[in-house]
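**Q** Below are the structure tokens for one structure; questions will follow.
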Amino acid sequence: MIRLGTSKKELERAAELLARGELVAVPTETVYGLAGDAANAEAVRRIFAAKGRPADHPLIVHLPGSETMNDWAREVPESARRLARAFWPGPLTLILPKADHVADVVTGGQQTVGLRVPEHPVTLKLLKIFGRAVAAPSANRFGRISPTTADHVISEFKGRDTVAAVIDGGPCDIGVESTIVDCSGARPRVLRPGMIDLDQLSRVLGAAPILADEREGPRAPGRLPSHYAPETKLELVDAETLSTPDAHAAVLALDDTPNPGGFMAWQSLPKDPTAYARGLYAVLRRLDDLGAERILVQRPPEQSAWSAIRDRITRATN
């Protein structure tokens with residue numbers, strides 16, 4: 001895997017690799033994505049093989065701009081257009097009825113497709129140069145912690161020849177995956193929470209979307225019970241549990257929780273959901289590398305602004 005910078009020349013090289021059907025890891029505002037030409041079925045199959053991803057687990061298509069939405073969707077309801085106007089480019093994925101030409105390998109065999117326009121200047125430039133959309137799930141092995149730096153991607157695929165290059169666009173600004181809203185039915189449904197929360201969606205839509213459970217709606221990324229998981233067993237605990245030292249445990253706490261000492265490692269993140277999300281996956285990767293018997297994560301607050309964080313941590317415990 002070669003590491004590319006962000007100059008026009010290096011982005012042109014990345015676009016050439018994509019045009020040849022190769023895979024290129026790209027920075028987005030959420031996490032790094034493993035990109036392949038979304039119109040090239042063989043390139044998309046390479047994504048599944050590189051990640052070890054089940055064939056029925058759909059991918060998200062990243063567009064160079066909202067004006068190309070109709071190239072991929074058979075129909076775009078007004079609810080989707082409102083959300084796209086409000087949040088694209090940004091960390092929002094819309095599920096829509098797929099256009100006839102969209103390959104089943106992209107959608108996991110479903111009649112819907114996930115679309116978004118990423119809000120990262122480097123990847124937007126790449127998409128403009130490439131001139132086409134890319135399918136880009138997170139650039140990690142399936143079910144594991146998503147990468148938020150180029151170094152994470154390189155570590156994830158070390159010793160493999162499945163990924164041609166990674167574009168080093170620096171750390172991701174948001175740090176957790178996009179909000180997914182299904183607009184293919186009568187009423188919008190949130191399939192995966194993200195940092196665009198229910199309150200923000202409701203203001204744009206004029207009514208609260210449905211928060212779907214795991215059995216409702218199309219299959220979508222990140223909805224399996226076990227996901228985003230470190231190799232080390234992860235446990236969700238209350239602050240009181242962290243008052244009893246355990247030399248075999250590593251800790252991720254909120255920054256207002258006192259460290260009593262006696263743990264293998266203690267890391268804290270701010271009691272602010274935006275800052276916490278930005279640092280979450282990088283901290284989990286550091287703790288996972290320590291060889292602890294378990295990672296203890298302090299239970300985050302119950303407010304709606306923390307819903308995406310609670311979702312990711314809960315899935316990581318399974």
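Here's how to read the names in the structure tokens: chain A, B, ... by the order shown, residue numbers from 1 in each chain, ligand numbers from 1 in the order shown.
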Residues near Ala208 in chain A, anyone? I mean within 12 Å using only C-alpha atoms, not counting same-chain ones fewer than 3 positions away, as number ranges by chain.

**A** A: 79, 181, 187-190, 197-205, 211

**Q** Write the residues of the preceding selection, restricted to N, CA and C atoms, as a compact mmCIF listing (two decimals), in the first residue's frame.

**A**
# COMPACT_ATOMS: atom_id res chain seq x y z
N SER A 79 -38.71 14.45 0.92
CA SER A 79 -38.02 14.34 2.21
C SER A 79 -36.52 14.19 2.01
N VAL A 181 -30.52 7.55 7.01
CA VAL A 181 -31.97 7.76 6.99
C VAL A 181 -32.55 7.07 5.77
N ARG A 187 -42.52 7.10 5.28
CA ARG A 187 -42.04 8.06 6.27
C ARG A 187 -40.57 7.80 6.54
N PRO A 188 -39.73 8.83 6.61
CA PRO A 188 -38.31 8.62 6.85
C PRO A 188 -38.05 7.86 8.15
N ARG A 189 -37.06 6.97 8.10
CA ARG A 189 -36.68 6.17 9.27
C ARG A 189 -35.18 6.26 9.47
N VAL A 190 -34.76 6.45 10.70
CA VAL A 190 -33.33 6.46 11.02
C VAL A 190 -32.89 5.02 11.26
N ASP A 197 -28.36 14.42 14.57
CA ASP A 197 -29.26 13.71 15.47
C ASP A 197 -30.73 13.91 15.10
N LEU A 198 -31.60 13.28 15.87
CA LEU A 198 -33.04 13.32 15.59
C LEU A 198 -33.60 14.73 15.61
N ASP A 199 -33.12 15.55 16.52
CA ASP A 199 -33.62 16.92 16.61
C ASP A 199 -33.30 17.69 15.33
N GLN A 200 -32.09 17.54 14.81
CA GLN A 200 -31.71 18.23 13.58
C GLN A 200 -32.53 17.72 12.39
N LEU A 201 -32.70 16.42 12.31
CA LEU A 201 -33.50 15.85 11.23
C LEU A 201 -34.95 16.32 11.30
N SER A 202 -35.49 16.36 12.51
CA SER A 202 -36.89 16.77 12.68
C SER A 202 -37.12 18.20 12.23
N ARG A 203 -36.17 19.09 12.52
CA ARG A 203 -36.32 20.49 12.13
C ARG A 203 -36.38 20.63 10.61
N VAL A 204 -35.62 19.83 9.90
CA VAL A 204 -35.60 19.91 8.44
C VAL A 204 -36.85 19.27 7.84
N LEU A 205 -37.25 18.13 8.40
CA LEU A 205 -38.38 17.38 7.84
C LEU A 205 -39.73 17.94 8.26
N LEU A 211 -37.40 6.13 14.54
CA LEU A 211 -36.15 5.49 14.91
C LEU A 211 -36.36 3.99 14.79

**Q** Between range 132-177 of chain A and range 276-282 of chain A, at 10 Å or less, what are the per-residue closest atom pairs and their distances in Å? Count only C-alpha atoms, order by chain and rising residue number, and return it as JSON lines.

**A**
{"residue": "A:Ile145", "atom": "CA", "partner": "A:Tyr281", "partner_atom": "CA", "distance": 6.4}
{"residue": "A:Ser146", "atom": "CA", "partner": "A:Tyr281", "partner_atom": "CA", "distance": 6.6}
{"residue": "A:Pro147", "atom": "CA", "partner": "A:Tyr281", "partner_atom": "CA", "distance": 7.0}
{"residue": "A:Thr148", "atom": "CA", "partner": "A:Ala282", "partner_atom": "CA", "distance": 6.8}
{"residue": "A:Thr149", "atom": "CA", "partner": "A:Ala282", "partner_atom": "CA", "distance": 8.2}
{"residue": "A:His152", "atom": "CA", "partner": "A:Ala282", "partner_atom": "CA", "distance": 8.3}
{"residue": "A:Pro171", "atom": "CA", "partner": "A:Arg278", "partner_atom": "CA", "distance": 8.7}
{"residue": "A:Cys172", "atom": "CA", "partner": "A:Arg278", "partner_atom": "CA", "distance": 7.1}
{"residue": "A:Asp173", "atom": "CA", "partner": "A:Arg278", "partner_atom": "CA", "distance": 6.1}
{"residue": "A:Ile174", "atom": "CA", "partner": "A:Arg278", "partner_atom": "CA", "distance": 5.0}
{"residue": "A:Gly175", "atom": "CA", "partner": "A:Arg278", "partner_atom": "CA", "distance": 4.2}
{"residue": "A:Val176", "atom": "CA", "partner": "A:Ala277", "partner_atom": "CA", "distance": 6.1}
{"residue": "A:Glu177", "atom": "CA", "partner": "A:Ala277", "partner_atom": "CA", "distance": 9.7}

**Q** Quick one: DSSP alpha helix (DSSP H) residues in range 75-173 of chain A, as number ranges by chain?

**A** A: 78-87, 104-107, 121-130, 150-156

**Q** Would you save the residues from that selection as a compact mmCIF listing (two decimals), in the first residue's frame, using C-alpha atoms?

**A**
# COMPACT_ATOMS: atom_id res chain seq x y z
CA GLU A 78 -39.15 15.48 -1.26
CA SER A 79 -38.02 14.34 2.21
CA ALA A 80 -34.71 13.19 0.76
CA ARG A 81 -34.25 16.41 -1.21
CA ARG A 82 -34.81 18.46 1.94
CA LEU A 83 -32.26 16.43 3.87
CA ALA A 84 -29.72 16.60 1.05
CA ARG A 85 -30.09 20.39 0.81
CA ALA A 86 -29.63 20.76 4.55
CA PHE A 87 -26.82 18.28 5.23
CA ASP A 104 -26.69 -5.83 -6.90
CA VAL A 105 -23.17 -6.24 -5.51
CA VAL A 106 -23.33 -2.59 -4.37
CA THR A 107 -26.72 -2.90 -2.67
CA PRO A 121 -12.16 18.71 0.80
CA VAL A 122 -9.57 16.12 -0.27
CA THR A 123 -12.06 13.39 -1.15
CA LEU A 124 -14.40 15.86 -2.84
CA LYS A 125 -11.46 16.96 -5.03
CA LEU A 126 -10.67 13.31 -5.78
CA LEU A 127 -14.28 12.61 -6.77
CA LYS A 128 -14.30 15.64 -9.08
CA ILE A 129 -11.05 14.45 -10.71
CA PHE A 130 -12.29 10.86 -10.96
CA ALA A 150 -4.16 6.95 7.47
CA ASP A 151 -1.91 5.12 9.97
CA HIS A 152 -4.94 3.15 11.18
CA VAL A 153 -5.64 2.04 7.61
CA ILE A 154 -2.04 0.99 7.02
CA SER A 155 -2.04 -0.99 10.28
CA GLU A 156 -5.35 -2.63 9.41

**Q** Mind pulling up the distance from CA of Asn318 in chain A to CA of Ala249 in chain A?

**A**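 Value for the CA of Ala249 in chain A-CA of Asn318 in chain A distance: 17.6 Å.
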
**Q** Name the closest residue to Leu11 in chain A among the candidates A:Pro91, A:Pro58, A:Gly185, A:Gly169; distances are taken between atoms, counting only C-alpha atoms.

**A** A:Gly169

**Q** Tell me which of A:Gln303, A:Pro260, A:Asp100, A:His57 sits closest to Arg223 in chain A, counting only C-alpha atoms.

**A** A:His57

**Q** Could you pull out the strand (DSSP E) residues of range 83-226 of chain A from DSSP and send them as an mmCIF file with N, CA and C atoms, in the first residue's frame?

**A**
data_model
loop_
_atom_site.group_PDB
_atom_site.id
_atom_site.type_symbol
_atom_site.label_atom_id
_atom_site.label_comp_id
_atom_site.auth_asym_id
_atom_site.auth_seq_id
_atom_site.Cartn_x
_atom_site.Cartn_y
_atom_site.Cartn_z
ATOM 1 N N LEU A 92 -24.362 12.392 6.374
ATOM 2 C CA LEU A 92 -25.716 11.856 6.265
ATOM 3 C C LEU A 92 -25.792 10.949 5.052
ATOM 4 N N THR A 93 -26.274 9.720 5.245
ATOM 5 C CA THR A 93 -26.514 8.777 4.151
ATOM 6 C C THR A 93 -28.016 8.628 3.963
ATOM 7 N N LEU A 94 -28.467 8.740 2.713
ATOM 8 C CA LEU A 94 -29.878 8.583 2.378
ATOM 9 C C LEU A 94 -30.075 7.253 1.674
ATOM 10 N N ILE A 95 -31.066 6.487 2.119
ATOM 11 C CA ILE A 95 -31.438 5.228 1.470
ATOM 12 C C ILE A 95 -32.606 5.504 0.533
ATOM 13 N N LEU A 96 -32.411 5.184 -0.750
ATOM 14 C CA LEU A 96 -33.402 5.492 -1.782
ATOM 15 C C LEU A 96 -33.599 4.291 -2.701
ATOM 16 N N PRO A 97 -34.736 4.222 -3.425
ATOM 17 C CA PRO A 97 -34.907 3.156 -4.412
ATOM 18 C C PRO A 97 -33.807 3.254 -5.471
ATOM 19 N N THR A 112 -32.724 -0.999 -2.867
ATOM 20 C CA THR A 112 -32.412 0.347 -2.383
ATOM 21 C C THR A 112 -30.902 0.551 -2.426
ATOM 22 N N VAL A 113 -30.496 1.823 -2.439
ATOM 23 C CA VAL A 113 -29.079 2.165 -2.453
ATOM 24 C C VAL A 113 -28.835 3.296 -1.467
ATOM 25 N N GLY A 114 -27.703 3.239 -0.769
ATOM 26 C CA GLY A 114 -27.304 4.287 0.166
ATOM 27 C C GLY A 114 -26.407 5.302 -0.525
ATOM 28 N N LEU A 115 -26.727 6.586 -0.394
ATOM 29 C CA LEU A 115 -25.981 7.653 -1.066
ATOM 30 C C LEU A 115 -25.585 8.738 -0.076
ATOM 31 N N ARG A 116 -24.386 9.295 -0.263
ATOM 32 C CA ARG A 116 -24.026 10.489 0.470
ATOM 33 C C ARG A 116 -22.948 11.271 -0.268
ATOM 34 N N VAL A 134 -17.862 6.619 -5.936
ATOM 35 C CA VAL A 134 -17.160 5.465 -5.389
ATOM 36 C C VAL A 134 -18.017 4.816 -4.308
ATOM 37 N N ALA A 135 -17.908 3.505 -4.224
ATOM 38 C CA ALA A 135 -18.452 2.784 -3.070
ATOM 39 C C ALA A 135 -17.366 2.777 -2.017
ATOM 40 N N ALA A 165 -3.583 2.002 -2.276
ATOM 41 C CA ALA A 165 -3.068 3.257 -1.725
ATOM 42 C C ALA A 165 -3.997 3.787 -0.650
ATOM 43 N N VAL A 166 -3.431 4.666 0.176
ATOM 44 C CA VAL A 166 -4.222 5.431 1.127
ATOM 45 C C VAL A 166 -3.843 6.890 0.966
ATOM 46 N N ILE A 167 -4.845 7.749 0.901
ATOM 47 C CA ILE A 167 -4.614 9.193 0.834
ATOM 48 C C ILE A 167 -4.600 9.727 2.261
ATOM 49 N N THR A 179 -24.963 9.303 9.916
ATOM 50 C CA THR A 179 -26.371 9.009 10.174
ATOM 51 C C THR A 179 -26.971 8.414 8.899
ATOM 52 N N ILE A 180 -27.739 7.332 9.031
ATOM 53 C CA ILE A 180 -28.402 6.734 7.868
ATOM 54 C C ILE A 180 -29.909 6.907 8.011
ATOM 55 N N VAL A 181 -30.522 7.546 7.007
ATOM 56 C CA VAL A 181 -31.968 7.758 6.994
ATOM 57 C C VAL A 181 -32.554 7.067 5.766
ATOM 58 N N ASP A 182 -33.503 6.190 6.008
ATOM 59 C CA ASP A 182 -34.209 5.492 4.927
ATOM 60 C C ASP A 182 -35.357 6.351 4.438
ATOM 61 N N ARG A 189 -37.057 6.970 8.100
ATOM 62 C CA ARG A 189 -36.679 6.172 9.265
ATOM 63 C C ARG A 189 -35.176 6.260 9.471
ATOM 64 N N VAL A 190 -34.758 6.453 10.699
ATOM 65 C CA VAL A 190 -33.332 6.464 11.021
ATOM 66 C C VAL A 190 -32.893 5.021 11.261
ATOM 67 N N LEU A 191 -31.990 4.541 10.400
ATOM 68 C CA LEU A 191 -31.504 3.171 10.522
ATOM 69 C C LEU A 191 -30.231 3.092 11.357
ATOM 70 N N ARG A 192 -29.422 4.150 11.315
ATOM 71 C CA ARG A 192 -28.205 4.198 12.135
ATOM 72 C C ARG A 192 -28.037 5.613 12.650
ATOM 73 N N ILE A 210 -38.947 8.206 12.151
ATOM 74 C CA ILE A 210 -39.039 7.002 12.975
ATOM 75 C C ILE A 210 -37.625 6.520 13.294
ATOM 76 N N LEU A 211 -37.401 6.129 14.538
ATOM 77 C CA LEU A 211 -36.146 5.494 14.914
ATOM 78 C C LEU A 211 -36.355 3.993 14.794
#
